[in-house]
Amino acid sequence: MERINYGATGSEEIIQNVRFILSTIVGTCVLDIPMGISFGVVDAPIQFAQAAITAEVIEKIERYEPRVSVESVEFYADPLDGRLIPRVKVAIKENGEIWTA
């Protein structure tokens with residue numbers, strides 16, 4: 001995650017919150033253990049991993065940042081490194097702005 005702007009407001013604050021949710025590992029936020037994304041799909045088949053990550057991303061963003069709606073979750077796969085990187089597109093409900101996190 002990029003640097004945190006503690007004075008962020010409006011769209012910047014909302015998108016910063018979404019990025020924070022996506023970059024947090026479940027169990028690492030002391031006051032809210034379920035917050036974040038789990039890594040339970042490590043070594044799972046790619047189609048299963050994509051489905052599980054998509055479901056969890058949508059669930060966590062809806063729970064922790066209700067001011068946005070998830071428009072799409074797409075994946076960049078790097079088979080040589082074994083990496084699966086999600087790109088999440090959200091719309092801010094108040095003004096309709098579309099952002100990618």
# chains A, B, ... in the order shown; residues from 1 in each chain; ligands from 1
>>> closest_atom_pairs(of="range 1-43 of chain A", to="range 89-96 of chain A", cutoff="12 Å", atoms="only C-alpha atoms", output="Markdown table")
| residue | atom | partner | partner_atom | distance |
| --- | --- | --- | --- | --- |
| A:Gly10 | CA | A:Glu94 | CA | 9.9 |
| A:Ser11 | CA | A:Ile92 | CA | 7.5 |
| A:Glu12 | CA | A:Ile92 | CA | 10.6 |
| A:Glu13 | CA | A:Ile92 | CA | 11.1 |
| A:Ile14 | CA | A:Ile92 | CA | 7.9 |
| A:Ile15 | CA | A:Val90 | CA | 8.6 |
| A:Gln16 | CA | A:Val90 | CA | 12.0 |
| A:Asn17 | CA | A:Val90 | CA | 11.8 |
| A:Val18 | CA | A:Val90 | CA | 8.8 |
| A:Arg19 | CA | A:Val90 | CA | 10.8 |
| A:Leu22 | CA | A:Lys89 | CA | 12.0 |
>>> select_by_dssp(residues="range 2-98 of chain A", states="strand (DSSP E or B)", output="list in words")
Ile25, Ile37, Val68, Ser69, Val70, Glu71, Ser72, Val73, Glu74, Phe75, Tyr76, Ala77, Asp78, Arg83, Leu84, Ile85, Pro86, Arg87, Val88, Lys89, Val90, Ala91, Ile92 and Ile98 of chain A
>>> residues_around(residues="range 71-78 of chain A", least_positions_apart="4", cutoff="9 Å", atoms="only C-alpha atoms", output="list of chain:residue names")
A:Ile46, A:Gln50, A:Ile53, A:Thr54, A:Val57, A:Ile58, A:Gly82, A:Arg83, A:Leu84, A:Ile85, A:Pro86, A:Arg87, A:Val88, A:Lys89, A:Val90, A:Ala91, A:Ile98
>>> atom_distance(atom1="CA of Gly27 in chain A", atom2="CA of Leu80 in chain A")
29.0 Å
>>> residues_around(residues="Gly40 in chain A", least_positions_apart="6", cutoff="12 Å", atoms="only C-alpha atoms", output="VMD selection string")
chain A and resid 25 to 26 48 to 50 52 to 53 56
>>> closest_residue(among="A:Pro66, A:Ala44, A:Phe20, A:Ala101", to="Asn5 in chain A", atoms="only C-alpha atoms")
A:Phe20
